[in-house]
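Notes follow the structure.
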Amino acid sequence: MTDHLLVSTVPLLGADVAARIAHVQTRRWISHPTAEEAHEAMHQLLERPPSLRPRGLLLTGAYHNGKTMIIERFAVEHLRQSDRQRVWIIQTREGAGMAHFYASILAGLRAPQAAGWRSLARAGEQVDHLLDILKPRLLVFDEFHSALRGRRQDVKAIFSFLRRVARVHDISPVLVGEVAVYDAIHDTEEMGSRFDTLPVPRWRYDEDFATLLDSLEASLPLAEPSGLSREPMARTIHTLSEGLIGEVVDIVTRAATVAISRGEDRITADILAALRYLPVSKRRNAALRNEMT
């Protein structure tokens, strides 16, 4: 019986071990309530009427909890449905100050950068010129907390830039990152009043988490049901993952890879135990760390 699998997964049961493992390890989209809420919020910003003070969005939460995949999925779906790209994702570079921030934007807009340029004025002019030409509606800054590690005046300059491009170019900024982003934006009412906040919390051990596990299991080319959403399997995965979706996917991917490699048709409690998977919070004090000293 293959009722536990997606229709698209069933043909893979007859594939060889390498093909099945490659499928398991392929990055995949898993919809869930927070992702749908985030997509709807970004859709509303994308379709809003022109404004002199367009609102932005904060998408914040713990590391490895699916924020990047949420925005990438939205951008891809937008491109499939639109005749012009209006959503641009900027990967915020490590480093303080406007020079690094401008470099992030220019790279995200796929603009050539003169080697060794140092003029902030020239970089700012290039960014403005590109925004005039491309006319984006949403600028999505992933890993935005990377821009907050400089001096206070550097952060103020970045916030000033966000306010100006919103006003001048009618752009809604979407800031994605850790909780530090929320703290920085709400440090002043001037910035806090411009953004709505959508948290991406850790997963609770509830029905939504069980649904997530069912969705993952349906995509795995394993002939027999593993019962990932049932006790005690679900509780084990939740404990090991600490409620982080990225960790959940890693655990299930590793377990499925082991099952296929062993010639087994499902993930078992023994396979989960054999992973010897350490939760994020315990890795710093792991025995492996002690072996390095």
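Going by the structure tokens order, chains are called A, B, ..., each with residues numbered from 1, while ligands are numbered from 1 in the order shown.
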Exercise for review: For segment 146-157 of chain A, list every protein, DNA or RNA residue within 8 Å, evaluated using only C-alpha atoms, and leave out those in the same chain fewer than 3 positions away; present the list as a list in words.
Suggested key: Thr92, Arg93, Glu94, Gly95, Ala96, Gly97, Met98, Phe101, Glu143, Ser160, Phe161, Val181 and Ala184 of chain A
Neighbours of Trp203 of chain A within 9 Å (only C-alpha atoms; same-chain residues fewer than 6 positions away dropped), as a short mmCIF file (atom, residue, chain, number, x, y, z; two decimals) with N, CA and C atoms, in the first residue's frame?
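In the end it all went to selection_38.cif:
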data_model
loop_
_atom_site.label_atom_id
_atom_site.label_comp_id
_atom_site.auth_asym_id
_atom_site.auth_seq_id
_atom_site.Cartn_x
_atom_site.Cartn_y
_atom_site.Cartn_z
N ASN A 65 14.83 28.12 10.96
CA ASN A 65 13.40 27.85 11.15
C ASN A 65 12.59 28.19 9.90
N PHE A 209 2.28 20.39 14.03
CA PHE A 209 3.55 19.68 13.95
C PHE A 209 3.34 18.28 13.37
N HIS A 238 10.46 15.99 17.75
CA HIS A 238 10.26 17.34 18.28
C HIS A 238 11.33 17.67 19.31
N GLU A 242 14.08 20.60 18.65
CA GLU A 242 13.79 21.78 19.48
C GLU A 242 12.82 22.72 18.78
N GLY A 243 11.93 22.15 17.96
CA GLY A 243 10.89 22.94 17.31
C GLY A 243 11.35 23.76 16.13
N LEU A 244 12.54 23.50 15.59
CA LEU A 244 13.06 24.24 14.43
C LEU A 244 12.82 23.42 13.16
N ILE A 245 12.13 24.00 12.20
CA ILE A 245 11.76 23.23 11.01
C ILE A 245 12.97 22.76 10.23
#
Practice item. Compile the contact shell of His39 of chain A as a PyMOL selection string: residues with an atom at most 9 Å away, counting only C-alpha atoms, same-chain residues fewer than 4 positions apart removed. Key: chain A and resi 34-35+43-44+70-71+73-74
Considering only C-alpha atoms, give me a table of residues in segment 44-112 of chain A that are at most 9 Å from segment 118-126 of chain A, with the closest atom pair and distance in Å for each, as JSON lines.
{"residue": "A:Met98", "atom": "CA", "partner": "A:Leu120", "partner_atom": "CA", "distance": 7.3}
{"residue": "A:Ala99", "atom": "CA", "partner": "A:Leu120", "partner_atom": "CA", "distance": 6.3}
{"residue": "A:Tyr102", "atom": "CA", "partner": "A:Ala123", "partner_atom": "CA", "distance": 6.5}
{"residue": "A:Ala103", "atom": "CA", "partner": "A:Ala123", "partner_atom": "CA", "distance": 8.0}
{"residue": "A:Leu106", "atom": "CA", "partner": "A:Gln126", "partner_atom": "CA", "distance": 8.1}
{"residue": "A:Ala111", "atom": "CA", "partner": "A:Gln126", "partner_atom": "CA", "distance": 8.9}
Exercise for review: Apply DSSP to the structure's backbone, then extract all residues of segment 88-215 of chain A labelled strand (DSSP E) and return them as a list in words.
Suggested key: Trp88, Ile89, Ile90, Gln91, Leu138, Leu139, Val140, Phe141, Asp142, Ser172, Pro173, Val174, Leu175, Val176, Gly177, Phe195, Asp196, Thr197, Leu198, Pro199 and Val200 of chain A
Practice item. Just give me the gap between atom CA of Leu278 of chain A and atom CA of Gly246 of chain A in Å, one decimal is fine. Key: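 According to the coordinates, atom CA of Leu278 of chain A and atom CA of Gly246 of chain A are separated by 13.7 Å.
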Taking only residues of segment 132-192 of chain A that have an atom at most 7 Å from an atom of segment 79-86 of chain A, what is each one's shortest atom pair and its distance in Å to one decimal, using only C-alpha atoms, in chain and number order, as CSV?
residue,atom,partner,partner_atom,distance
A:Lys135,CA,A:Arg86,CA,6.9
A:Pro136,CA,A:Arg86,CA,4.3
A:Arg137,CA,A:Arg86,CA,5.1
A:Leu138,CA,A:Arg86,CA,6.4
Review point. Among segment 165-285 of chain A, which residues carry a DSSP assignment of alpha helix (DSSP H), reported as a PyMOL selection string?
Key: chain A and resi 165-169+179-185+189-192+207-218+233-241+245-262+269-275+280-283
Write out, as a PDB file, in the first residue's frame, the residues just selected, with C-alpha atoms.
ATOM      1  CA  VAL A 165      13.724  54.445  -0.712  1.00  0.00           C
ATOM      2  CA  ALA A 166      10.289  53.598   0.639  1.00  0.00           C
ATOM      3  CA  ARG A 167       9.195  57.203   0.190  1.00  0.00           C
ATOM      4  CA  VAL A 168      11.033  58.020  -3.058  1.00  0.00           C
ATOM      5  CA  HIS A 169      10.591  54.715  -4.884  1.00  0.00           C
ATOM      6  CA  VAL A 179      14.954  38.528  16.916  1.00  0.00           C
ATOM      7  CA  ALA A 180      17.654  41.238  16.974  1.00  0.00           C
ATOM      8  CA  VAL A 181      15.967  42.723  13.897  1.00  0.00           C
ATOM      9  CA  TYR A 182      12.732  43.238  15.816  1.00  0.00           C
ATOM     10  CA  ASP A 183      14.603  44.798  18.738  1.00  0.00           C
ATOM     11  CA  ALA A 184      16.510  47.215  16.499  1.00  0.00           C
ATOM     12  CA  ILE A 185      13.470  48.319  14.498  1.00  0.00           C
ATOM     13  CA  GLU A 189       8.936  54.736  17.255  1.00  0.00           C
ATOM     14  CA  GLU A 190      10.015  56.283  13.959  1.00  0.00           C
ATOM     15  CA  MET A 191      11.010  52.879  12.566  1.00  0.00           C
ATOM     16  CA  GLY A 192       8.661  50.714  14.599  1.00  0.00           C
ATOM     17  CA  GLU A 207      -1.545  19.065  15.475  1.00  0.00           C
ATOM     18  CA  ASP A 208       0.288  21.430  13.121  1.00  0.00           C
ATOM     19  CA  PHE A 209       3.554  19.680  13.946  1.00  0.00           C
ATOM     20  CA  ALA A 210       1.959  16.304  13.238  1.00  0.00           C
ATOM     21  CA  THR A 211       0.720  17.622   9.892  1.00  0.00           C
ATOM     22  CA  LEU A 212       4.236  18.809   9.074  1.00  0.00           C
ATOM     23  CA  LEU A 213       5.607  15.326   9.745  1.00  0.00           C
ATOM     24  CA  ASP A 214       2.882  13.744   7.601  1.00  0.00           C
ATOM     25  CA  SER A 215       3.815  16.098   4.744  1.00  0.00           C
ATOM     26  CA  LEU A 216       7.468  15.146   5.046  1.00  0.00           C
ATOM     27  CA  GLU A 217       6.716  11.440   5.182  1.00  0.00           C
ATOM     28  CA  ALA A 218       4.541  11.669   2.078  1.00  0.00           C
ATOM     29  CA  MET A 233       8.271   8.991  17.009  1.00  0.00           C
ATOM     30  CA  ALA A 234       6.802  12.487  16.782  1.00  0.00           C
ATOM     31  CA  ARG A 235       7.834  13.334  20.339  1.00  0.00           C
ATOM     32  CA  THR A 236      11.399  12.170  19.672  1.00  0.00           C
ATOM     33  CA  ILE A 237      11.692  14.293  16.523  1.00  0.00           C
ATOM     34  CA  HIS A 238      10.261  17.337  18.275  1.00  0.00           C
ATOM     35  CA  THR A 239      12.688  16.971  21.187  1.00  0.00           C
ATOM     36  CA  LEU A 240      15.719  16.538  18.938  1.00  0.00           C
ATOM     37  CA  SER A 241      14.708  19.407  16.642  1.00  0.00           C
ATOM     38  CA  ILE A 245      11.755  23.233  11.011  1.00  0.00           C
ATOM     39  CA  GLY A 246      15.234  23.128   9.513  1.00  0.00           C
ATOM     40  CA  GLU A 247      16.273  20.651  12.189  1.00  0.00           C
ATOM     41  CA  VAL A 248      13.128  18.577  11.629  1.00  0.00           C
ATOM     42  CA  VAL A 249      13.936  18.283   7.931  1.00  0.00           C
ATOM     43  CA  ASP A 250      17.572  17.389   8.690  1.00  0.00           C
ATOM     44  CA  ILE A 251      16.552  14.646  11.133  1.00  0.00           C
ATOM     45  CA  VAL A 252      13.978  13.094   8.818  1.00  0.00           C
ATOM     46  CA  THR A 253      16.309  13.351   5.811  1.00  0.00           C
ATOM     47  CA  ARG A 254      19.142  11.605   7.637  1.00  0.00           C
ATOM     48  CA  ALA A 255      16.826   8.907   8.978  1.00  0.00           C
ATOM     49  CA  ALA A 256      15.329   8.219   5.542  1.00  0.00           C
ATOM     50  CA  THR A 257      18.798   8.065   4.008  1.00  0.00           C
ATOM     51  CA  VAL A 258      19.846   5.464   6.577  1.00  0.00           C
ATOM     52  CA  ALA A 259      16.660   3.449   6.008  1.00  0.00           C
ATOM     53  CA  ILE A 260      17.167   3.328   2.242  1.00  0.00           C
ATOM     54  CA  SER A 261      20.867   2.523   2.612  1.00  0.00           C
ATOM     55  CA  ARG A 262      19.993  -0.409   4.895  1.00  0.00           C
ATOM     56  CA  ALA A 269      12.815   4.277  16.369  1.00  0.00           C
ATOM     57  CA  ASP A 270      16.067   2.303  16.134  1.00  0.00           C
ATOM     58  CA  ILE A 271      17.132   4.325  13.097  1.00  0.00           C
ATOM     59  CA  LEU A 272      16.391   7.595  14.886  1.00  0.00           C
ATOM     60  CA  ALA A 273      18.466   6.450  17.858  1.00  0.00           C
ATOM     61  CA  ALA A 274      21.308   5.383  15.575  1.00  0.00           C
ATOM     62  CA  LEU A 275      21.599   8.922  14.233  1.00  0.00           C
ATOM     63  CA  VAL A 280      21.321  22.641  18.626  1.00  0.00           C
ATOM     64  CA  SER A 281      21.411  23.721  22.257  1.00  0.00           C
ATOM     65  CA  LYS A 282      23.642  20.781  23.228  1.00  0.00           C
ATOM     66  CA  ARG A 283      26.187  20.865  20.426  1.00  0.00           C
TER      67      ARG A 283
END
Review point. Of the residues A:Leu131, A:Leu5, A:Ile30, A:Ala41, which is the one nearest to Phe195 of chain A, using only C-alpha atoms?
Key: A:Ala41
Check your understanding: So how far away is atom CA of Gln25 of chain A from atom CA of Thr268 of chain A, in Å?
Key ->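 Atom-to-atom, atom CA of Thr268 of chain A and atom CA of Gln25 of chain A are spaced 18.4 Å apart.
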Review point. Nearest to Val17 of chain A: which of A:Ile90, A:Leu222, A:Leu198, A:Leu228 is it, counting only C-alpha atoms?
Key: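 Of the candidates, the smallest distance to Val17 of chain A is held by A:Leu222.
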Point to revise | Separation of atom CA of Tyr205 of chain A from atom CA of Ser229 of chain A in Å | key: 10.3 Å
